[in-house]
file model.cif (mmCIF, C-alpha atoms)
data_run
#
loop_
_atom_site.label_atom_id
_atom_site.label_comp_id
_atom_site.auth_asym_id
_atom_site.auth_seq_id
_atom_site.Cartn_x
_atom_site.Cartn_y
_atom_site.Cartn_z
CA ASP A 1 1.35 6.79 -28.91
CA SER A 2 3.78 8.55 -26.56
CA SER A 3 0.98 9.21 -24.06
CA ASN A 4 0.29 5.47 -23.62
CA TYR A 5 2.85 4.77 -20.94
CA ARG A 6 1.75 1.16 -20.49
CA ALA A 7 2.46 0.34 -24.15
CA ARG A 8 5.82 2.10 -23.94
CA MET A 9 6.88 0.34 -20.73
CA PHE A 10 5.61 -3.14 -21.59
CA ALA A 11 6.11 -3.29 -25.38
CA LYS A 12 7.68 -6.53 -26.62
CA LEU A 13 7.69 -8.13 -23.18
CA PRO A 14 6.50 -11.74 -23.70
CA TRP A 15 3.85 -11.62 -20.97
CA TYR A 16 2.45 -8.36 -22.35
CA GLU A 17 2.30 -9.60 -25.91
CA SER A 18 0.55 -12.78 -24.72
CA LEU A 19 -2.40 -10.91 -23.23
CA MET A 20 -5.61 -11.17 -25.24
CA ARG A 21 -8.94 -9.49 -24.66
CA PRO A 22 -11.20 -11.87 -22.69
CA ALA A 23 -13.74 -13.66 -24.88
CA ALA A 24 -16.60 -12.78 -22.55
CA PRO A 25 -17.26 -10.03 -19.99
CA GLY A 26 -16.78 -10.89 -16.36
CA ILE A 27 -13.64 -12.96 -16.89
CA THR A 28 -10.75 -11.68 -14.80
CA SER A 29 -7.66 -10.86 -16.83
CA ALA A 30 -4.47 -8.82 -16.64
CA TRP A 31 -5.40 -7.53 -20.10
CA TYR A 32 -7.73 -4.96 -18.57
CA VAL A 33 -5.08 -3.11 -16.58
CA ALA A 34 -2.26 -3.63 -19.10
CA LYS A 35 -3.95 -3.04 -22.46
CA ASP A 36 -7.53 -1.81 -22.14
CA ALA A 37 -7.91 1.67 -23.66
CA ALA A 38 -10.81 2.60 -21.39
CA PRO A 39 -9.58 4.96 -18.63
CA GLU A 40 -10.75 2.86 -15.71
CA TRP A 41 -9.46 3.86 -12.27
CA SER A 42 -6.90 1.04 -12.17
CA VAL A 43 -5.59 1.93 -15.63
CA CYS A 44 -5.16 5.58 -14.63
CA LEU A 45 -3.40 4.66 -11.39
CA LEU A 46 -0.96 2.43 -13.29
CA GLU A 47 -0.36 5.20 -15.85
CA ALA A 48 0.48 7.61 -13.02
CA ALA A 49 2.90 5.07 -11.54
CA LEU A 50 4.75 4.64 -14.83
CA ARG A 51 4.94 8.39 -15.35
CA TYR A 52 6.53 8.69 -11.92
CA ALA A 53 9.21 6.21 -12.98
CA GLU A 54 10.00 8.39 -15.98
CA ALA A 55 9.98 11.60 -13.91
CA LYS A 56 12.59 10.15 -11.52
CA ASP A 57 14.76 8.68 -14.29
CA LEU A 58 13.90 5.16 -13.17
CA TRP A 59 12.28 4.02 -16.42
CA ASN A 60 14.94 1.51 -17.43
CA LEU A 61 15.22 0.08 -13.91
CA PHE A 62 11.50 -0.59 -13.73
CA ARG A 63 11.46 -1.89 -17.31
CA GLN A 64 13.94 -4.52 -16.10
CA ARG A 65 11.69 -5.27 -13.13
CA PHE A 66 8.67 -5.81 -15.38
CA GLU A 67 10.78 -8.02 -17.67
CA GLY A 68 10.97 -10.44 -14.76
CA ILE A 69 7.26 -11.24 -15.07
CA SER A 70 6.63 -14.49 -16.92
CA VAL A 71 3.78 -15.41 -19.25
CA GLY A 72 2.57 -17.85 -16.63
CA ASP A 73 2.47 -15.14 -13.96
CA VAL A 74 -0.33 -13.31 -15.79
CA SER A 75 -2.20 -16.40 -16.97
CA LEU A 76 -5.71 -16.97 -15.71
CA ALA A 77 -4.96 -20.65 -15.06
CA ARG A 78 -2.15 -19.86 -12.62
CA ALA A 79 -4.13 -17.05 -11.00
CA ASN A 80 -7.02 -19.45 -10.39
CA ALA A 81 -4.67 -22.12 -9.05
CA GLU A 82 -3.08 -19.62 -6.65
CA ASN A 83 -6.42 -17.96 -5.84
CA ARG A 84 -5.24 -14.46 -6.72
CA GLU A 85 -5.92 -11.82 -9.33
CA ALA A 86 -4.13 -12.33 -12.65
CA ASP A 87 -2.63 -8.84 -12.56
CA PHE A 88 -1.05 -9.18 -9.08
CA THR A 89 2.52 -9.52 -10.37
CA ILE A 90 2.12 -6.26 -12.31
CA TRP A 91 0.84 -4.40 -9.25
CA GLU A 92 3.45 -5.95 -6.97
CA ILE A 93 6.01 -3.86 -8.85
CA ALA A 94 3.86 -0.84 -9.73
CA THR A 95 2.68 -0.21 -6.17
CA GLU A 96 6.20 0.87 -5.21
CA LEU A 97 5.77 3.74 -7.67
CA VAL A 98 2.21 4.46 -6.52
CA VAL A 99 3.40 4.85 -2.93
CA ALA A 100 6.26 7.14 -3.92
CA ALA A 101 3.98 9.29 -6.07
CA TYR A 102 1.48 9.54 -3.22
CA LEU A 103 4.13 10.54 -0.68
CA GLU A 104 5.58 13.21 -2.95
CA TYR A 105 2.58 14.76 -4.65
CA SER A 106 -0.19 14.20 -2.11
CA LEU A 107 1.70 14.52 1.18
CA GLY A 108 4.56 16.81 0.14
CA TRP A 109 7.50 14.51 0.84
CA THR A 110 10.79 15.16 -1.00
CA PHE A 111 12.32 12.36 -3.06
CA GLN A 112 15.93 11.46 -2.25
CA SER A 113 16.80 8.06 -3.70
CA TYR A 114 15.58 4.68 -4.89
CA GLU A 115 16.60 1.45 -3.15
CA PRO A 116 18.57 3.00 -0.26
CA LEU A 117 20.74 0.80 1.92
CA GLY A 118 18.89 -0.31 5.04
CA ASN A 119 19.89 -2.95 7.57
CA ALA A 120 22.96 -4.05 5.58
CA PRO A 121 23.11 -5.77 3.22
CA ARG A 122 19.36 -5.35 2.76
CA ARG A 123 17.88 -2.42 0.87
CA GLY A 124 14.54 -0.63 0.98
CA ASP A 125 12.41 0.89 -1.74
CA TRP A 126 12.71 4.66 -1.22
CA GLU A 127 14.28 7.40 0.82
CA PHE A 128 12.39 10.68 1.30
CA ILE A 129 12.57 13.79 3.43
CA SER A 130 9.26 14.13 5.27
CA PRO A 131 7.51 17.50 5.66
CA SER A 132 8.83 17.73 9.24
CA GLY A 133 12.40 17.36 7.93
CA ARG A 134 12.99 13.71 8.81
CA ARG A 135 15.12 11.61 6.46
CA THR A 136 12.93 8.54 6.06
CA PHE A 137 13.59 4.99 4.89
CA VAL A 138 10.46 3.64 3.16
CA GLU A 139 9.68 -0.03 2.51
CA VAL A 140 6.64 -1.06 0.46
CA LYS A 141 4.94 -4.45 0.82
CA THR A 142 2.04 -5.49 -1.42
CA ILE A 143 -0.22 -8.16 0.02
CA CYS A 144 -1.47 -10.89 -2.31
CA GLU A 145 -5.23 -11.16 -1.94
CA ALA A 146 -7.73 -13.80 -2.93
CA GLN A 147 -9.31 -13.55 -6.34
CA TRP A 148 -12.61 -11.69 -6.31
CA ARG A 149 -15.62 -13.86 -6.99
CA PRO A 150 -19.33 -12.99 -6.87
CA ILE A 151 -21.17 -14.56 -3.94
CA SER A 152 -24.70 -14.71 -2.68
CA GLY A 153 -26.04 -14.90 0.84
CA ALA A 154 -24.14 -14.20 4.05
CA SER A 155 -20.35 -14.32 4.12
CA PHE A 156 -17.67 -14.05 6.77
CA ARG A 157 -14.04 -13.07 6.30
CA PRO A 158 -11.76 -14.10 9.15
CA SER A 159 -9.16 -11.67 10.45
CA GLN A 160 -6.01 -11.46 8.35
CA ALA A 161 -3.97 -9.83 11.13
CA ALA A 162 -1.59 -12.79 11.49
CA ARG A 163 -0.85 -12.78 7.78
CA ILE A 164 -0.17 -9.04 7.75
CA SER A 165 2.00 -9.42 10.86
CA SER A 166 4.16 -11.92 9.00
CA LEU A 167 4.54 -9.45 6.14
CA LEU A 168 5.60 -6.71 8.55
CA ALA A 169 8.09 -9.03 10.21
CA ARG A 170 9.83 -9.52 6.86
CA ALA A 171 9.87 -5.77 6.28
CA TYR A 172 11.36 -5.18 9.73
CA ARG A 173 14.54 -7.05 8.78
CA GLN A 174 15.25 -4.34 6.21
CA LEU A 175 14.87 -1.34 8.53
CA PRO A 176 18.04 0.58 9.49
CA ALA A 177 19.05 1.82 12.93
CA ASP A 178 21.19 4.75 11.84
CA GLY A 179 19.19 7.82 12.77
CA ARG A 180 16.72 7.72 9.89
CA SER A 181 12.97 7.55 10.44
CA THR A 182 11.29 4.44 9.08
CA LEU A 183 7.97 3.81 7.36
CA VAL A 184 6.53 0.51 6.12
CA VAL A 185 3.60 0.85 3.70
CA VAL A 186 1.31 -2.16 3.18
CA VAL A 187 -0.62 -1.96 -0.09
CA GLY A 188 -3.76 -3.91 -0.88
CA THR A 189 -7.43 -3.72 -1.73
CA ASP A 190 -9.64 -5.63 0.69
CA LEU A 191 -7.28 -6.73 3.47
CA VAL A 192 -6.10 -3.23 4.41
CA ARG A 193 -9.49 -1.50 4.23
CA ILE A 194 -10.72 0.51 7.23
CA PRO A 195 -14.49 0.86 6.68
CA PHE A 196 -15.07 1.51 10.40
CA GLY A 197 -11.87 3.40 11.20
CA VAL A 198 -8.18 2.66 11.60
CA ILE A 199 -8.52 0.90 14.96
CA HIS A 200 -10.94 -1.69 13.52
CA GLY A 201 -8.75 -2.70 10.57
CA ASP A 202 -6.62 -5.81 10.23
CA LEU A 203 -3.46 -3.73 9.88
CA PHE A 204 -4.03 -2.16 13.30
CA ALA A 205 -4.85 -5.58 14.76
CA SER A 206 -1.60 -7.00 13.38
CA LEU A 207 0.26 -4.41 15.46
CA PHE A 208 -1.65 -4.15 18.71
CA GLY A 209 -4.10 -7.07 18.80
CA GLN A 210 -7.74 -7.61 17.99
CA PHE A 211 -10.31 -5.08 19.10
CA VAL A 212 -12.00 -6.40 22.24
CA VAL A 213 -14.86 -5.32 24.46
CA GLU A 214 -14.84 -6.22 28.17
CA PHE A 215 -17.78 -5.72 30.50
CA ASN A 216 -19.08 -6.66 33.94
CA VAL A 217 -21.39 -9.65 34.17
CA MET A 218 -23.59 -11.12 36.86
CA THR A 219 -24.60 -7.67 37.97
CA ALA A 220 -27.83 -5.73 37.93
CA GLU A 221 -26.29 -3.04 35.70
CA PRO A 222 -23.74 -4.51 33.28
CA GLU A 223 -21.35 -1.95 31.86
CA ILE A 224 -18.42 -1.87 29.48
CA THR A 225 -15.12 -1.68 31.33
CA TYR A 226 -12.80 -1.62 28.33
CA ALA A 227 -13.08 -1.28 24.54
CA GLY A 228 -9.89 -1.25 22.50
CA PRO A 229 -6.98 -3.37 21.24
CA SER A 230 -6.10 -6.47 23.25
CA PHE A 231 -2.34 -5.70 23.18
CA ARG A 232 -1.80 -9.46 23.54
CA GLU A 233 -0.15 -9.71 20.12
CA MET A 234 1.76 -6.42 20.49
CA LEU A 235 3.86 -5.11 17.65
CA VAL A 236 4.85 -7.58 14.95
CA GLY A 237 5.44 -10.93 16.57
CA HIS A 238 5.09 -10.10 20.25
CA THR A 239 7.86 -7.47 20.34
CA LYS A 240 7.97 -3.69 20.36
CA ARG A 241 10.10 -3.45 17.20
CA ARG A 242 11.77 -0.17 18.07
CA ARG A 243 13.26 0.40 14.61
CA LEU A 244 9.75 0.65 13.15
CA GLY A 245 8.61 4.28 13.28
CA ALA A 246 5.22 3.99 11.59
CA VAL A 247 3.16 1.63 9.48
CA ALA A 248 0.81 2.83 6.76
CA GLY A 249 -1.91 1.23 4.70
CA LEU A 250 -2.62 2.21 1.10
CA VAL A 251 -5.95 0.95 -0.22
CA LEU A 252 -6.06 0.74 -4.01
CA ARG A 253 -9.62 1.49 -5.07
CA GLY A 254 -11.77 3.73 -7.22
CA LEU A 255 -15.00 4.13 -9.18
CA SER A 256 -14.92 6.52 -12.14
CA SER A 257 -11.48 7.70 -11.01
CA PRO A 258 -8.78 6.43 -8.65
CA ALA A 259 -9.46 7.03 -4.96
CA PRO A 260 -6.43 5.62 -3.12
CA LEU A 261 -6.90 5.78 0.65
CA PHE A 262 -3.77 6.27 2.75
CA TYR A 263 -3.66 6.01 6.54
CA SER A 264 -0.90 5.63 9.11
CA ILE A 265 -0.37 4.05 12.52
CA HIS A 266 2.44 5.35 14.72
CA ASN A 267 4.53 3.02 16.89
CA PRO A 268 4.71 4.44 20.43
CA PHE A 269 7.55 2.05 21.27
CA ALA A 270 9.88 3.17 18.45
CA HIS A 271 13.24 4.80 19.07
CA ALA A 272 12.90 8.58 18.97
CA HIS A 273 14.95 8.86 15.76
CA ALA A 274 12.79 6.26 13.98
CA ARG A 275 9.50 8.06 14.61
CA LEU A 276 7.57 10.30 12.27
CA ASP A 277 5.47 13.32 13.16
CA GLY A 278 1.72 13.48 12.73
CA SER A 279 2.21 16.47 10.41
CA ASP A 280 4.11 14.22 7.98
CA PHE A 281 0.82 12.63 6.93
CA GLY A 282 -1.24 15.78 6.46
CA ASP A 283 -4.93 15.25 7.03
CA CYS A 284 -4.89 11.52 6.23
CA PRO A 285 -6.47 9.19 8.78
CA GLN A 286 -3.88 8.21 11.38
CA PHE A 287 -3.60 6.69 14.81
CA VAL A 288 -1.28 8.67 17.04
CA TRP A 289 -0.15 8.18 20.63
CA THR A 290 0.14 10.97 23.20
CA GLU A 291 1.28 10.20 26.74
CA GLY A 292 0.14 6.60 26.50
CA THR A 293 -3.24 7.38 24.99
CA GLY A 294 -4.11 6.57 21.39
CA THR A 295 -6.25 8.86 19.24
CA GLU A 296 -7.57 8.51 15.72
CA THR A 297 -7.33 11.71 13.69
CA GLY A 298 -7.67 12.89 10.10
CA ARG A 299 -10.23 12.23 7.41
CA ASN A 300 -10.75 10.34 4.17
CA ASN A 301 -9.17 12.58 1.53
CA ALA A 302 -8.82 9.97 -1.21
CA ASP A 303 -10.43 12.11 -3.93
CA ASP A 304 -8.19 15.08 -3.14
CA ALA A 305 -5.14 12.83 -3.21
CA TRP A 306 -5.81 11.64 -6.76
CA GLN A 307 -6.34 15.21 -7.94
CA ARG A 308 -2.93 16.21 -6.65
CA VAL A 309 -1.19 13.18 -8.19
CA ARG A 310 -3.04 13.63 -11.50
CA SER A 311 -2.18 17.33 -11.71
CA ALA A 312 1.52 16.60 -11.17
CA LEU A 313 1.91 13.53 -13.39
CA VAL A 314 -1.00 12.76 -15.71
CA THR A 315 -1.04 15.78 -18.01
CA SER A 316 -1.92 14.04 -21.29
CA GLY A 317 -3.98 11.12 -22.55
CA PRO A 318 -7.47 9.95 -21.52
CA CYS A 319 -6.63 9.73 -17.81
CA ALA A 320 -5.78 13.45 -17.74
CA GLN A 321 -9.50 14.11 -18.12
CA ILE A 322 -10.53 11.83 -15.25
CA ALA A 323 -11.30 14.16 -12.34
#
call {"tool": "encode", "arguments": {"input": "model.cif", "output": "structure tokens"}}
result
Amino acid sequence: DSSNYRARMFAKLPWYESLMRPAAPGITSAWYVAKDAAPEWSVCLLEAALRYAEAKDLWNLFRQRFEGISVGDVSLARANAENREADFTIWEIATELVVAAYLEYSLGWTFQSYEPLGNAPRRGDWEFISPSGRRTFVEVKTICEAQWRPISGASFRPSQAARISSLLARAYRQLPADGRSTLVVVVGTDLVRIPFGVIHGDLFASLFGQFVVEFNVMTAEPEITYAGPSFREMLVGHTKRRRLGAVAGLVLRGLSSPAPLFYSIHNPFAHAHARLDGSDFGDCPQFVWTEGTGTETGRNNADDAWQRVRSALVTSGPCAQIA
């Protein structure tokens, strides 16, 4: 079936051929995203990613990337041992394509090249021209998250800001200082969510510190004196990282259809040439700085984003009907 891009991309790869339908429902497996015929949101997002590879004449390059996955990488036993989802190694590659498709078809960026030279000899993932005309070096990092398990009762998830900061520090080594703007996109599911706004997310905290509230005490009328980031951690490892123009989060999620949420955080300390303009991210949520003051703007346009990507790429097969 020529419309089944997963079967075309993965056919005869040992790890793909090894995947079997789980014997019982509720068992996590890479089979669902790689082989299941049902057009679940994750299946449709992966289909769109693979179609983007074909559209940019990168099919064979990404086929070679997927060949690097081993049978053990997608096994449930290893996933359990490493406390991650069994399909992580598939998404670690595919998210590069998801980000590029989002930038081009949802935000209007113009594709230039794949794996551009960055801070030599290191390379990045993409180079685009942003809507404001900036030539932009793009690096994508996918964060490995703990395997989902059902729980009961109260739960508490500690901040993952330090872990994300380490990921950004690795990405920073790849960023050029040659006049191009720079964007690092961190992709995940739970760890990059912003249920209460950009400023309350772990990605923001990894850049500017945990959100804190300070107030007067031992007074008849206590009042809040400050509410905002601590700035103790500062940008990526206690430095201003001036080659880093902006950081973005891409949350992979969906219900009946994909609803990827994209948001950006601008670095006020970046070199002028490394920065991006607020208009480059359309109406997505973003945190921008003006004369030393930070402001959160934009809205959640995840449903609109999928419609634009689907209209451009997914024109056949079951996912073409998923609105």
call {"tool": "atom_distance", "arguments": {"input": "model.cif", "atom1": "atom CA of Leu117 of chain A", "atom2": "atom CA of Leu103 of chain A"}}
result
19.4 Å
call {"tool": "residues_around", "arguments": {"input": "model.cif", "residues": "Asn60 of chain A", "least_positions_apart": "4", "cutoff": "12 Å", "atoms": "all atoms listed in the file", "output": "PyMOL selection string"}}
result
chain A and resi 8-10+50+53-56+64-67
call {"tool": "resolve_selection", "arguments": {"input": "model.cif", "expression": "the PyMOL selection byres ((chain A and resi 301) around 8)", "output": "PDB file with C-alpha atoms, in the frame of the given file"}}
result
ATOM      1  CA  LEU A 261      -6.900   5.780   0.650  1.00  0.00           C
ATOM      2  CA  ASP A 283      -4.930  15.250   7.030  1.00  0.00           C
ATOM      3  CA  CYS A 284      -4.890  11.520   6.230  1.00  0.00           C
ATOM      4  CA  ARG A 299     -10.230  12.230   7.410  1.00  0.00           C
ATOM      5  CA  ASN A 300     -10.750  10.340   4.170  1.00  0.00           C
ATOM      6  CA  ALA A 302      -8.820   9.970  -1.210  1.00  0.00           C
ATOM      7  CA  ASP A 303     -10.430  12.110  -3.930  1.00  0.00           C
ATOM      8  CA  ASP A 304      -8.190  15.080  -3.140  1.00  0.00           C
ATOM      9  CA  ALA A 305      -5.140  12.830  -3.210  1.00  0.00           C
TER      10      ALA A 305
END
call {"tool": "atom_distance", "arguments": {"input": "model.cif", "atom1": "atom CA of Leu191 of chain A", "atom2": "atom CA of Trp41 of chain A"}}
result
19.1 Å
call {"tool": "closest_atom_pairs", "arguments": {"input": "model.cif", "of": "segment 70-129 of chain A", "to": "segment 313-316 of chain A", "cutoff": "12 Å", "atoms": "all atoms listed in the file", "output": "CSV"}}
result
residue,atom,partner,partner_atom,distance
A:Leu97,CA,A:Leu313,CA,12.0
A:Val98,CA,A:Leu313,CA,11.4
A:Ala101,CA,A:Leu313,CA,8.7
A:Tyr102,CA,A:Leu313,CA,10.9
A:Glu104,CA,A:Leu313,CA,11.1
A:Tyr105,CA,A:Leu313,CA,8.9
A:Ser106,CA,A:Leu313,CA,11.5
call {"tool": "atom_distance", "arguments": {"input": "model.cif", "atom1": "atom CA of Tyr16 of chain A", "atom2": "atom CA of Asn4 of chain A"}}
result
14.1 Å
call {"tool": "resolve_selection", "arguments": {"input": "model.cif", "expression": "the PyMOL selection byres ((chain A and resi 75-91) around 12)", "output": "number ranges by chain"}}
result
A: 6, 9-10, 14-16, 18-20, 22, 27-35, 42-43, 45-47, 49-50, 62-63, 65-74, 92-99, 140-149, 187-189, 252
call {"tool": "resolve_selection", "arguments": {"input": "model.cif", "expression": "the PyMOL selection byres ((chain A and resi 171) around 12)", "output": "PyMOL selection string"}}
result
chain A and resi 118-119+122-125+137-142+164-170+172-176+182-186+236+241+243-244+247
call {"tool": "closest_residue", "arguments": {"input": "model.cif", "among": "A:Leu276, A:Pro260, A:Phe204, A:Arg310", "to": "Phe128 of chain A", "atoms": "all atoms listed in the file"}}
result
A:Leu276
call {"tool": "closest_residue", "arguments": {"input": "model.cif", "among": "A:Gly298, A:Gly108, A:Pro116, A:Pro222", "to": "Ile129 of chain A", "atoms": "only C-alpha atoms"}}
result
A:Gly108
call {"tool": "closest_residue", "arguments": {"input": "model.cif", "among": "A:Ala23, A:Gly317, A:Val309, A:Pro195", "to": "Ala259 of chain A", "atoms": "all atoms listed in the file"}}
result
A:Val309
call {"tool": "closest_residue", "arguments": {"input": "model.cif", "among": "A:Cys319, A:Ala7, A:Ala177, A:Ala161", "to": "Ser257 of chain A", "atoms": "only C-alpha atoms"}}
result
A:Cys319
call {"tool": "closest_residue", "arguments": {"input": "model.cif", "among": "A:Ala272, A:Ala120, A:Val251, A:Glu115", "to": "Leu61 of chain A", "atoms": "all atoms listed in the file"}}
result
A:Glu115
call {"tool": "closest_residue", "arguments": {"input": "model.cif", "among": "A:Pro39, A:Gly26, A:Gly292, A:Pro285", "to": "Pro258 of chain A", "atoms": "all atoms listed in the file"}}
result
A:Pro39
call {"tool": "axis_aligned_box", "arguments": {"input": "model.cif", "around": "segment 84-97 of chain A", "padding_each_side": "6 Å", "output": "JSON"}}
result
{"center_x": 0.1, "center_y": -5.4, "center_z": -8.9, "size_x": 24.1, "size_y": 30.2, "size_z": 19.4}
